[in-house]
file start09.pdb (PDB, C-alpha atoms)
ATOM      1  CA  MET A   1      92.591  93.601 133.179
ATOM      2  CA  ARG A   2      91.443  90.078 133.928
ATOM      3  CA  TYR A   3      87.781  89.451 134.553
ATOM      4  CA  ALA A   4      85.394  86.563 134.853
ATOM      5  CA  ASP A   5      84.088  85.223 131.556
ATOM      6  CA  PRO A   6      81.340  82.588 131.836
ATOM      7  CA  SER A   7      82.070  81.394 128.297
ATOM      8  CA  ALA A   8      85.846  81.193 128.679
ATOM      9  CA  ASN A   9      85.882  77.397 128.810
ATOM     10  CA  ARG A  10      83.681  76.936 125.772
ATOM     11  CA  ASP A  11      85.080  76.107 122.380
ATOM     12  CA  LEU A  12      84.391  79.141 120.196
ATOM     13  CA  LEU A  13      84.618  77.048 117.058
ATOM     14  CA  GLY A  14      81.874  74.681 118.144
ATOM     15  CA  ASN A  15      81.774  71.018 117.169
ATOM     16  CA  ARG A  16      81.400  71.301 113.438
ATOM     17  CA  THR A  17      84.229  69.249 112.032
ATOM     18  CA  LEU A  18      83.976  70.752 108.571
ATOM     19  CA  LEU A  19      84.420  74.281 109.860
ATOM     20  CA  PHE A  20      87.327  73.232 112.046
ATOM     21  CA  ILE A  21      89.113  71.557 109.128
ATOM     22  CA  PHE A  22      88.489  74.568 106.897
ATOM     23  CA  ILE A  23      89.877  77.049 109.421
ATOM     24  CA  CYS A  24      92.925  74.861 110.117
ATOM     25  CA  ALA A  25      93.656  74.630 106.402
ATOM     26  CA  PHE A  26      93.154  78.372 106.017
ATOM     27  CA  ALA A  27      95.496  79.012 108.929
ATOM     28  CA  LEU A  28      98.152  76.722 107.464
ATOM     29  CA  VAL A  29      98.117  78.565 104.151
ATOM     30  CA  THR A  30      98.285  81.909 105.955
ATOM     31  CA  LEU A  31     101.168  80.713 108.122
ATOM     32  CA  LEU A  32     103.146  79.621 105.068
ATOM     33  CA  GLN A  33     102.504  83.012 103.450
ATOM     34  CA  GLN A  34     103.697  84.800 106.561
ATOM     35  CA  ILE A  35     106.859  82.679 106.814
ATOM     36  CA  LEU A  36     107.721  83.404 103.197
ATOM     37  CA  TYR A  37     106.848  87.073 103.526
ATOM     38  CA  GLY A  38     108.383  87.473 106.961
ATOM     39  CA  ARG A  39     111.969  87.279 105.735
ATOM     40  CA  ASN A  40     111.467  90.268 103.474
ATOM     41  CA  TYR A  41     109.458  92.054 106.168
ATOM     42  CA  ILE A  42     112.269  91.796 108.693
ATOM     43  CA  LYS A  43     114.864  92.898 106.155
ATOM     44  CA  ARG A  44     112.786  95.881 105.117
ATOM     45  CA  ARG A  45     111.962  97.048 108.643
ATOM     46  CA  ARG A  46     115.107  96.155 110.572
ATOM     47  CA  ALA A  47     114.765  97.426 114.121
ATOM     48  CA  PRO A  48     116.725  97.168 117.341
ATOM     49  CA  GLU A  49     116.239  93.948 119.259
ATOM     50  CA  CYS A  50     112.990  94.004 121.204
ATOM     51  CA  GLN A  51     113.074  94.207 124.981
ATOM     52  CA  TRP A  52     110.340  91.550 125.256
ATOM     53  CA  GLN A  53     110.120  87.895 124.315
ATOM     54  CA  ARG A  54     106.755  86.345 123.414
ATOM     55  CA  GLN A  55     104.945  87.774 126.415
ATOM     56  CA  LEU A  56     101.178  87.904 126.293
ATOM     57  CA  PRO A  57      99.767  91.428 126.546
ATOM     58  CA  SER A  58      99.555  92.850 130.042
ATOM     59  CA  GLN A  59      99.580  96.468 131.099
ATOM     60  CA  SER A  60     103.176  96.165 132.314
ATOM     61  CA  THR A  61     104.347  94.502 129.094
ATOM     62  CA  LEU A  62     102.528  96.974 126.871
ATOM     63  CA  SER A  63     103.719  99.882 129.006
ATOM     64  CA  ARG A  64     107.328  98.897 128.342
ATOM     65  CA  CYS A  65     106.941  98.325 124.603
ATOM     66  CA  CYS A  66     104.229 100.743 123.516
ATOM     67  CA  ASN A  67     102.831 102.995 126.297
ATOM     68  CA  ALA A  68      99.532 104.153 124.808
ATOM     69  CA  PRO A  69      98.798 106.566 127.708
ATOM     70  CA  ALA A  70     101.867 108.573 126.660
ATOM     71  CA  PHE A  71     102.378 107.868 122.953
ATOM     72  CA  LEU A  72      99.146 106.738 121.256
ATOM     73  CA  PHE A  73      98.615 110.266 119.878
ATOM     74  CA  THR A  74     101.134 112.824 118.689
ATOM     75  CA  THR A  75     101.052 115.519 121.385
ATOM     76  CA  GLN A  76     102.886 118.716 122.222
ATOM     77  CA  LYS A  77     104.458 116.896 125.170
ATOM     78  CA  ASN A  78     105.872 113.919 123.257
ATOM     79  CA  THR A  79     106.615 115.894 120.065
ATOM     80  CA  PRO A  80     107.936 119.375 120.943
ATOM     81  CA  LEU A  81     108.065 122.294 118.541
ATOM     82  CA  GLY A  82     110.954 121.844 116.101
ATOM     83  CA  THR A  83     110.945 118.028 116.297
ATOM     84  CA  LYS A  84     112.118 116.198 113.198
ATOM     85  CA  LEU A  85     109.459 113.502 113.247
ATOM     86  CA  LYS A  86     110.248 110.250 111.467
ATOM     87  CA  TYR A  87     107.495 108.586 109.478
ATOM     88  CA  GLU A  88     106.375 105.090 110.391
ATOM     89  CA  VAL A  89     107.049 103.536 106.976
ATOM     90  CA  ASP A  90     108.975 106.146 104.989
ATOM     91  CA  THR A  91     111.774 106.055 107.524
ATOM     92  CA  SER A  92     113.992 108.247 105.346
ATOM     93  CA  GLY A  93     111.287 110.920 105.418
ATOM     94  CA  ILE A  94     111.274 113.617 108.083
ATOM     95  CA  TYR A  95     108.429 115.955 108.997
ATOM     96  CA  HIS A  96     109.547 119.180 110.649
ATOM     97  CA  ILE A  97     107.049 120.181 113.332
ATOM     98  CA  ASN A  98     106.453 123.875 112.779
ATOM     99  CA  GLN A  99     104.286 126.228 114.807
ATOM    100  CA  GLU A 100     101.148 125.680 112.689
ATOM    101  CA  ILE A 101     101.225 121.883 113.002
ATOM    102  CA  PHE A 102     102.337 122.012 116.649
ATOM    103  CA  ARG A 103      99.191 123.994 117.539
ATOM    104  CA  MET A 104      97.058 121.173 116.108
ATOM    105  CA  PHE A 105      98.401 118.670 118.637
ATOM    106  CA  PRO A 106      96.801 118.280 122.077
ATOM    107  CA  LYS A 107      99.021 119.376 124.940
ATOM    108  CA  ASP A 108      99.078 115.851 126.346
ATOM    109  CA  MET A 109      97.281 112.540 125.933
ATOM    110  CA  PRO A 110      93.601 112.929 126.857
ATOM    111  CA  TYR A 111      93.419 109.412 128.352
ATOM    112  CA  TYR A 112      95.331 107.701 131.138
ATOM    113  CA  ARG A 113      96.040 104.108 132.104
ATOM    114  CA  SER A 114      92.992 102.033 133.102
ATOM    115  CA  GLN A 115      90.805 105.121 132.837
ATOM    116  CA  PHE A 116      87.773 103.183 131.589
ATOM    117  CA  LYS A 117      86.064 100.214 133.211
ATOM    118  CA  LYS A 118      84.683  98.575 130.038
ATOM    119  CA  CYS A 119      85.724  99.327 126.462
ATOM    120  CA  ALA A 120      84.336  98.051 123.175
ATOM    121  CA  VAL A 121      86.540  97.870 120.099
ATOM    122  CA  VAL A 122      84.203  97.455 117.149
ATOM    123  CA  GLY A 123      85.532  95.911 113.960
ATOM    124  CA  ASN A 124      83.583  95.775 110.726
ATOM    125  CA  GLY A 125      83.394  92.022 110.182
ATOM    126  CA  GLY A 126      80.310  90.322 108.754
ATOM    127  CA  ILE A 127      80.025  88.333 111.977
ATOM    128  CA  LEU A 128      78.328  91.428 113.451
ATOM    129  CA  LYS A 129      75.400  91.107 111.063
ATOM    130  CA  ASN A 130      72.286  89.877 112.917
ATOM    131  CA  SER A 131      74.305  89.745 116.154
ATOM    132  CA  ARG A 132      72.001  92.105 118.043
ATOM    133  CA  CYS A 133      75.074  93.431 119.872
ATOM    134  CA  GLY A 134      74.159  97.113 119.527
ATOM    135  CA  ARG A 135      72.891  97.564 123.077
ATOM    136  CA  GLU A 136      75.918  95.837 124.575
ATOM    137  CA  ILE A 137      78.282  97.998 122.527
ATOM    138  CA  ASN A 138      76.388 101.125 123.573
ATOM    139  CA  SER A 139      76.661 100.080 127.226
ATOM    140  CA  ALA A 140      80.469 100.260 127.174
ATOM    141  CA  ASP A 141      82.180 103.188 128.871
ATOM    142  CA  PHE A 142      84.307 103.871 125.791
ATOM    143  CA  VAL A 143      83.848 102.742 122.177
ATOM    144  CA  PHE A 144      86.444 102.612 119.402
ATOM    145  CA  ARG A 145      85.388 102.223 115.760
ATOM    146  CA  CYS A 146      87.463 101.669 112.632
ATOM    147  CA  ASN A 147      87.481 103.588 109.347
ATOM    148  CA  LEU A 148      84.151 105.431 109.235
ATOM    149  CA  PRO A 149      81.815 102.408 109.378
ATOM    150  CA  PRO A 150      78.085 102.953 108.769
ATOM    151  CA  ILE A 151      76.046 103.188 111.973
ATOM    152  CA  SER A 152      72.749 104.313 110.466
ATOM    153  CA  GLU A 153      69.403 103.010 111.736
ATOM    154  CA  LYS A 154      69.715 100.044 109.373
ATOM    155  CA  TYR A 155      72.660  98.722 111.411
ATOM    156  CA  THR A 156      72.198 100.045 114.952
ATOM    157  CA  MET A 157      70.561  96.880 116.281
ATOM    158  CA  ASP A 158      73.777  95.008 115.529
ATOM    159  CA  VAL A 159      76.535  97.613 115.887
ATOM    160  CA  GLY A 160      75.125 100.344 118.143
ATOM    161  CA  VAL A 161      75.755 104.060 117.731
ATOM    162  CA  LYS A 162      77.975 105.127 120.609
ATOM    163  CA  THR A 163      81.387 106.250 119.383
ATOM    164  CA  ASP A 164      84.184 107.903 121.326
ATOM    165  CA  VAL A 165      87.015 107.482 118.818
ATOM    166  CA  VAL A 166      86.643 106.708 115.123
ATOM    167  CA  THR A 167      89.651 106.178 112.871
ATOM    168  CA  VAL A 168      89.831 107.393 109.289
ATOM    169  CA  ASN A 169      92.101 105.781 106.733
ATOM    170  CA  PRO A 170      93.408 108.582 104.467
ATOM    171  CA  SER A 171      92.702 106.343 101.471
ATOM    172  CA  ILE A 172      88.987 106.774 102.247
ATOM    173  CA  ILE A 173      89.377 110.545 102.070
ATOM    174  CA  THR A 174      91.294 110.240  98.809
ATOM    175  CA  GLU A 175      88.876 107.845  97.118
ATOM    176  CA  ARG A 176      85.503 109.010  98.426
ATOM    177  CA  PHE A 177      86.106 112.697  99.094
ATOM    178  CA  HIS A 178      88.690 113.737  96.467
ATOM    179  CA  LYS A 179      91.371 114.486  99.091
ATOM    180  CA  LEU A 180      89.089 117.273 100.410
ATOM    181  CA  GLU A 181      90.373 119.481  97.613
ATOM    182  CA  LYS A 182      86.864 120.242  96.326
ATOM    183  CA  TRP A 183      83.604 119.966  98.268
ATOM    184  CA  ARG A 184      84.160 119.389 101.955
ATOM    185  CA  ARG A 185      80.623 119.413 103.296
ATOM    186  CA  PRO A 186      79.904 115.719 102.380
ATOM    187  CA  PHE A 187      82.862 114.624 104.485
ATOM    188  CA  TYR A 188      81.802 116.875 107.335
ATOM    189  CA  ARG A 189      78.276 115.392 107.233
ATOM    190  CA  VAL A 190      79.659 111.863 107.438
ATOM    191  CA  LEU A 191      81.619 112.767 110.567
ATOM    192  CA  GLN A 192      78.534 114.288 112.176
ATOM    193  CA  VAL A 193      76.971 110.819 112.303
ATOM    194  CA  TYR A 194      79.453 110.042 115.079
ATOM    195  CA  GLU A 195      78.410 113.192 116.973
ATOM    196  CA  ASN A 196      81.242 114.348 119.255
ATOM    197  CA  ALA A 197      83.554 111.390 118.651
ATOM    198  CA  SER A 198      87.235 112.185 118.268
ATOM    199  CA  VAL A 199      88.724 111.533 114.828
ATOM    200  CA  LEU A 200      92.001 109.611 114.673
ATOM    201  CA  LEU A 201      94.249 109.429 111.598
ATOM    202  CA  PRO A 202      97.683 107.970 110.696
ATOM    203  CA  ALA A 203      99.016 111.291 109.398
ATOM    204  CA  PHE A 204     102.624 110.211 109.813
ATOM    205  CA  TYR A 205     102.337 106.680 108.439
ATOM    206  CA  ASN A 206     103.913 107.838 105.178
ATOM    207  CA  THR A 207     104.455 111.120 103.358
ATOM    208  CA  ARG A 208     101.296 110.706 101.255
ATOM    209  CA  ASN A 209      99.064 110.646 104.336
ATOM    210  CA  THR A 210     100.154 113.891 105.928
ATOM    211  CA  ASP A 211      98.514 116.634 103.865
ATOM    212  CA  VAL A 212      95.141 114.922 103.524
ATOM    213  CA  SER A 213      95.082 114.115 107.264
ATOM    214  CA  ILE A 214      95.845 117.719 108.189
ATOM    215  CA  ARG A 215      93.007 118.883 105.931
ATOM    216  CA  VAL A 216      90.577 117.000 108.188
ATOM    217  CA  LYS A 217      91.498 119.376 111.008
ATOM    218  CA  TYR A 218      90.972 122.387 108.732
ATOM    219  CA  VAL A 219      87.564 121.083 107.591
ATOM    220  CA  LEU A 220      86.275 120.591 111.134
ATOM    221  CA  ASP A 221      87.583 123.998 112.177
ATOM    222  CA  ASP A 222      85.933 125.636 109.149
ATOM    223  CA  PHE A 223      82.587 124.117 110.126
ATOM    224  CA  GLU A 224      83.164 124.971 113.805
ATOM    225  CA  SER A 225      82.837 121.340 114.809
ATOM    226  CA  PRO A 226      83.607 120.403 118.436
ATOM    227  CA  GLN A 227      85.132 117.099 117.315
ATOM    228  CA  ALA A 228      88.788 116.689 118.214
ATOM    229  CA  VAL A 229      91.282 115.509 115.610
ATOM    230  CA  TYR A 230      94.208 113.368 116.724
ATOM    231  CA  TYR A 231      97.095 111.758 114.862
ATOM    232  CA  PHE A 232      98.687 108.418 115.728
ATOM    233  CA  HIS A 233     102.248 108.856 116.913
ATOM    234  CA  PRO A 234     104.386 107.037 114.307
ATOM    235  CA  GLN A 235     106.717 105.547 116.908
ATOM    236  CA  TYR A 236     103.742 104.055 118.745
ATOM    237  CA  LEU A 237     102.666 102.334 115.520
ATOM    238  CA  VAL A 238     106.192 101.044 114.945
ATOM    239  CA  ASN A 239     106.389  99.664 118.487
ATOM    240  CA  VAL A 240     102.985  97.964 118.300
ATOM    241  CA  SER A 241     103.941  96.319 115.003
ATOM    242  CA  ARG A 242     107.206  95.071 116.507
ATOM    243  CA  TYR A 243     105.397  93.718 119.536
ATOM    244  CA  TRP A 244     102.909  91.682 117.476
ATOM    245  CA  LEU A 245     105.666  90.552 115.140
ATOM    246  CA  SER A 246     107.316  89.010 118.213
ATOM    247  CA  LEU A 247     104.066  87.052 118.689
ATOM    248  CA  GLY A 248     104.014  85.837 115.098
ATOM    249  CA  VAL A 249     101.846  88.415 113.323
ATOM    250  CA  ARG A 250     103.742  89.070 110.096
ATOM    251  CA  ALA A 251     102.129  91.468 107.671
ATOM    252  CA  LYS A 252     102.891  94.460 105.527
ATOM    253  CA  ARG A 253     100.803  96.328 108.075
ATOM    254  CA  ILE A 254      98.820  95.221 111.106
ATOM    255  CA  SER A 255      95.149  96.178 111.045
ATOM    256  CA  THR A 256      93.685  99.286 112.629
ATOM    257  CA  GLY A 257      91.572  96.989 114.785
ATOM    258  CA  LEU A 258      94.653  95.325 116.254
ATOM    259  CA  ILE A 259      96.217  98.727 116.960
ATOM    260  CA  LEU A 260      93.078  99.923 118.764
ATOM    261  CA  ALA A 261      92.697  96.682 120.712
ATOM    262  CA  THR A 262      96.317  96.984 121.847
ATOM    263  CA  ALA A 263      95.729 100.540 123.029
ATOM    264  CA  ALA A 264      92.499  99.507 124.767
ATOM    265  CA  LEU A 265      94.365  96.880 126.802
ATOM    266  CA  GLU A 266      96.263  99.755 128.438
ATOM    267  CA  LEU A 267      93.427 102.269 128.709
ATOM    268  CA  CYS A 268      90.659  99.942 129.892
ATOM    269  CA  GLU A 269      90.101  97.404 132.654
ATOM    270  CA  GLU A 270      87.939  95.217 130.395
ATOM    271  CA  VAL A 271      88.282  94.972 126.618
ATOM    272  CA  HIS A 272      85.459  93.546 124.493
ATOM    273  CA  LEU A 273      85.956  92.914 120.774
ATOM    274  CA  PHE A 274      83.033  92.912 118.360
ATOM    275  CA  GLY A 275      83.119  92.313 114.618
ATOM    276  CA  PHE A 276      86.542  90.642 114.566
ATOM    277  CA  TRP A 277      86.515  87.557 112.350
ATOM    278  CA  ALA A 278      88.580  86.570 109.314
ATOM    279  CA  PHE A 279      86.757  83.584 107.881
ATOM    280  CA  PRO A 280      83.872  83.125 105.405
ATOM    281  CA  MET A 281      81.879  81.081 107.933
ATOM    282  CA  ASN A 282      80.916  81.954 111.470
ATOM    283  CA  PRO A 283      81.444  79.542 114.409
ATOM    284  CA  SER A 284      78.061  77.961 113.616
ATOM    285  CA  GLY A 285      79.206  77.073 110.117
ATOM    286  CA  LEU A 286      77.056  79.650 108.325
ATOM    287  CA  TYR A 287      78.498  81.716 105.505
ATOM    288  CA  ILE A 288      78.844  85.419 106.278
ATOM    289  CA  THR A 289      79.791  88.522 104.309
ATOM    290  CA  HIS A 290      83.232  90.059 104.733
ATOM    291  CA  HIS A 291      81.829  93.254 106.305
ATOM    292  CA  TYR A 292      78.513  93.703 108.052
ATOM    293  CA  TYR A 293      77.570  96.295 105.428
ATOM    294  CA  ASP A 294      79.061  94.755 102.210
ATOM    295  CA  ASN A 295      81.052  91.820 100.871
ATOM    296  CA  VAL A 296      84.007  93.706  99.405
ATOM    297  CA  LYS A 297      87.184  91.717 100.006
ATOM    298  CA  PRO A 298      90.402  93.411 101.170
ATOM    299  CA  ARG A 299      93.539  93.724  99.129
ATOM    300  CA  PRO A 300      95.351  90.379  99.487
ATOM    301  CA  GLY A 301      98.651  90.235 101.310
ATOM    302  CA  PHE A 302      98.338  93.559 103.139
ATOM    303  CA  HIS A 303      97.048  92.408 106.546
ATOM    304  CA  ALA A 304      97.390  89.051 108.307
ATOM    305  CA  MET A 305      93.837  88.879 109.615
ATOM    306  CA  PRO A 306      93.635  85.133 110.402
ATOM    307  CA  SER A 307      96.813  85.411 112.476
ATOM    308  CA  GLU A 308      95.381  88.415 114.323
ATOM    309  CA  ILE A 309      92.115  86.588 115.025
ATOM    310  CA  PHE A 310      93.916  83.499 116.358
ATOM    311  CA  ASN A 311      95.870  85.752 118.720
ATOM    312  CA  PHE A 312      92.614  87.365 119.892
ATOM    313  CA  LEU A 313      91.041  83.950 120.499
ATOM    314  CA  HIS A 314      94.095  82.914 122.512
ATOM    315  CA  LEU A 315      93.822  86.072 124.632
ATOM    316  CA  HIS A 316      90.114  85.338 125.069
ATOM    317  CA  SER A 317      90.918  81.847 126.352
ATOM    318  CA  ARG A 318      93.307  83.390 128.894
ATOM    319  CA  GLY A 319      90.722  85.897 130.126
ATOM    320  CA  ILE A 320      92.755  88.897 128.927
ATOM    321  CA  LEU A 321      89.969  90.180 126.679
ATOM    322  CA  ARG A 322      86.581  89.003 125.425
ATOM    323  CA  VAL A 323      85.904  88.164 121.772
ATOM    324  CA  HIS A 324      82.201  88.252 120.892
ATOM    325  CA  THR A 325      81.374  85.867 118.058
ATOM    326  CA  GLY A 326      77.700  85.091 118.612
ATOM    327  CA  THR A 327      74.393  86.746 119.369
ATOM    328  CA  CYS A 328      74.418  89.202 122.252
ATOM    329  CA  SER A 329      71.855  89.243 125.050
ATOM    330  CA  CYS A 330      72.688  92.493 126.732
ATOM    331  CA  CYS A 331      71.236  94.576 129.516
TER     332      CYS A 331
END

call {"tool": "encode", "arguments": {"input": "start09.pdb", "output": "structure tokens"}}
result
Amino acid sequence: MRYADPSANRDLLGNRTLLFIFICAFALVTLLQQILYGRNYIKRRRAPECQWQRQLPSQSTLSRCCNAPAFLFTTQKNTPLGTKLKYEVDTSGIYHINQEIFRMFPKDMPYYRSQFKKCAVVGNGGILKNSRCGREINSADFVFRCNLPPISEKYTMDVGVKTDVVTVNPSIITERFHKLEKWRRPFYRVLQVYENASVLLPAFYNTRNTDVSIRVKYVLDDFESPQAVYYFHPQYLVNVSRYWLSLGVRAKRISTGLILATAALELCEEVHLFGFWAFPMNPSGLYITHHYYDNVKPRPGFHAMPSEIFNFLHLHSRGILRVHTGTCSCC
């Protein structure tokens, strides 16, 4: 998992004092919010004591707590027919795995530990804009993308086009595609942009997500698409959240990007992060948009993005993964 990084000893934040002060102040406010929120978080999601204590991610640590090669997706092997599957958040809710749903699951996980040499996890942060990282992203052996991001010709120079797994937040389907209860072709056309990429959804995050996530499978089958549809295993999501909570990431929900990066640390020898940044200025002190394609801000208090980014930067400094925050000069 470790690999040489020629920039590992450089200060990612540069020498701009103003930016450093701003980020420190921002981090302090975020930390206070997390401390105040964390008490309620722990009460609401009381779990058995973790088997790990503030250990940085390694394949052995993540194998014990999370085990993406066995539990990232809901499969026929880890969720047999007749299972009473507990939701990630609605813990009082139970989904009975019947024959119809069971047939939608893959027999086993399609990926194994350290299967890929180099993986790119592509976030949607504005730091990707004008980065010219498209070729480097495309050169990865496996590429994860989050929540149906645009990869049209307008953006390919910065974000590339290669996609092996793309996640879909069910709220996108609800808001943009009317829960797939009416016209389905627009949604199908959006997915075709990612060609044969697998589609990954949190169907068992809560009870509201299930029906709309299952409809995605029906839509792709109706259009005879070769794209696979997978569903996060809810226990995997619970375990990943607990793990990062032990490292100080307190949030109502960790981001999809953090979930994918955690999985990539088990599935890949090298993990490269692009588009992960939580601040209004880049390391050069220039203002940037929130996303590379718009400046729409997230709902406050849902994720703990600054805390996630600081953890990524720490892992970068230890050579565990590589965070790309500047212009790429690939290939």

call {"tool": "resolve_selection", "arguments": {"input": "start09.pdb", "expression": "the PyMOL selection byres ((chain A and resi 267) around 9)", "output": "MDAnalysis selection string"}}
result
chainID A and resid 59 68:69 111:117 119 263:266 268:269

call {"tool": "resolve_selection", "arguments": {"input": "start09.pdb", "expression": "the PyMOL selection byres ((chain A and resi 140) around 9)", "output": "PyMOL selection string"}}
result
chain A and resi 117-120+136-139+141-143+162+272

call {"tool": "residues_around", "arguments": {"input": "start09.pdb", "residues": "Phe274 of chain A", "least_positions_apart": "2", "cutoff": "6 Å", "atoms": "only C-alpha atoms", "output": "MDAnalysis selection string"}}
result
chainID A and resid 122:123 276 324

call {"tool": "closest_residue", "arguments": {"input": "start09.pdb", "among": "A:Val89, A:Asp294, A:Val193, A:Asn98", "to": "Lys252 of chain A", "atoms": "all atoms listed in the file"}}
result
A:Val89

call {"tool": "residues_near_point", "arguments": {"input": "start09.pdb", "point": "(94.4, 114.0, 109.2)", "cutoff": "8 Å", "atoms": "only C-alpha atoms", "output": "list in words"}}
result
Pro170, Leu200, Leu201, Pro202, Ala203, Asn209, Thr210, Asp211, Val212, Ser213, Ile214, Arg215, Val216, Lys217, Val229, Tyr230 and Tyr231 of chain A

call {"tool": "resolve_selection", "arguments": {"input": "start09.pdb", "expression": "the PyMOL selection byres ((chain A and resi 71) around 9)", "output": "PDB file with C-alpha atoms, in the coordinates of the input"}}
result
ATOM      1  CA  CYS A  66     104.229 100.743 123.516  1.00  0.00           C
ATOM      2  CA  ASN A  67     102.831 102.995 126.297  1.00  0.00           C
ATOM      3  CA  ALA A  68      99.532 104.153 124.808  1.00  0.00           C
ATOM      4  CA  PRO A  69      98.798 106.566 127.708  1.00  0.00           C
ATOM      5  CA  ALA A  70     101.867 108.573 126.660  1.00  0.00           C
ATOM      6  CA  LEU A  72      99.146 106.738 121.256  1.00  0.00           C
ATOM      7  CA  PHE A  73      98.615 110.266 119.878  1.00  0.00           C
ATOM      8  CA  THR A  74     101.134 112.824 118.689  1.00  0.00           C
ATOM      9  CA  THR A  75     101.052 115.519 121.385  1.00  0.00           C
ATOM     10  CA  ASN A  78     105.872 113.919 123.257  1.00  0.00           C
ATOM     11  CA  MET A 109      97.281 112.540 125.933  1.00  0.00           C
ATOM     12  CA  PHE A 232      98.687 108.418 115.728  1.00  0.00           C
ATOM     13  CA  HIS A 233     102.248 108.856 116.913  1.00  0.00           C
ATOM     14  CA  PRO A 234     104.386 107.037 114.307  1.00  0.00           C
ATOM     15  CA  GLN A 235     106.717 105.547 116.908  1.00  0.00           C
ATOM     16  CA  TYR A 236     103.742 104.055 118.745  1.00  0.00           C
TER      17      TYR A 236
END

call {"tool": "residues_near_point", "arguments": {"input": "start09.pdb", "point": "(95.8, 86.4, 121.8)", "cutoff": "12 Å", "atoms": "all atoms listed in the file", "output": "JSON, numbers by chain"}}
result
{"A": [54, 55, 56, 57, 58, 244, 247, 248, 249, 258, 261, 262, 265, 273, 306, 307, 308, 309, 310, 311, 312, 313, 314, 315, 316, 317, 318, 319, 320, 321, 322, 323]}

call {"tool": "closest_residue", "arguments": {"input": "start09.pdb", "among": "A:Lys179, A:Gly125, A:Asn239, A:Asn196", "to": "Thr61 of chain A", "atoms": "all atoms listed in the file"}}
result
A:Asn239

call {"tool": "build_atoms", "arguments": {"input": "start09.pdb", "residues": "segment 85-96 of chain A", "atoms": "N, CA, C and O atoms", "output": "compact mmCIF listing (two decimals), in the frame of the given file"}}
result
# COMPACT_ATOMS: atom_id res chain seq x y z
N LEU A 85 110.23 114.72 113.00
CA LEU A 85 109.46 113.50 113.25
C LEU A 85 109.66 112.51 112.11
O LEU A 85 109.43 112.83 110.94
N LYS A 86 110.06 111.29 112.47
CA LYS A 86 110.25 110.25 111.47
C LYS A 86 108.93 109.56 111.16
O LYS A 86 108.14 109.28 112.07
N TYR A 87 108.71 109.30 109.89
CA TYR A 87 107.50 108.59 109.48
C TYR A 87 107.58 107.12 109.89
O TYR A 87 108.67 106.57 110.08
N GLU A 88 106.41 106.50 110.00
CA GLU A 88 106.38 105.09 110.39
C GLU A 88 106.99 104.19 109.32
O GLU A 88 107.79 103.31 109.61
N VAL A 89 106.60 104.40 108.07
CA VAL A 89 107.05 103.54 106.98
C VAL A 89 108.16 104.19 106.17
O VAL A 89 109.20 103.58 105.91
N ASP A 90 107.95 105.43 105.75
CA ASP A 90 108.98 106.15 104.99
C ASP A 90 110.03 106.65 105.96
O ASP A 90 110.11 107.84 106.28
N THR A 91 110.85 105.72 106.44
CA THR A 91 111.77 106.06 107.52
C THR A 91 112.83 107.07 107.11
O THR A 91 113.46 107.70 107.96
N SER A 92 113.04 107.23 105.80
CA SER A 92 113.99 108.25 105.35
C SER A 92 113.35 109.63 105.33
O SER A 92 114.04 110.65 105.22
N GLY A 93 112.01 109.65 105.43
CA GLY A 93 111.29 110.92 105.42
C GLY A 93 111.24 111.56 106.80
O GLY A 93 111.14 110.87 107.82
N ILE A 94 111.32 112.86 106.83
CA ILE A 94 111.27 113.62 108.08
C ILE A 94 110.22 114.71 107.95
O ILE A 94 110.16 115.40 106.93
N TYR A 95 109.40 114.86 108.98
CA TYR A 95 108.43 115.96 109.00
C TYR A 95 108.85 116.93 110.09
O TYR A 95 108.91 116.58 111.27
N HIS A 96 109.13 118.15 109.69
CA HIS A 96 109.55 119.18 110.65
C HIS A 96 108.31 119.80 111.31
O HIS A 96 107.45 120.36 110.62
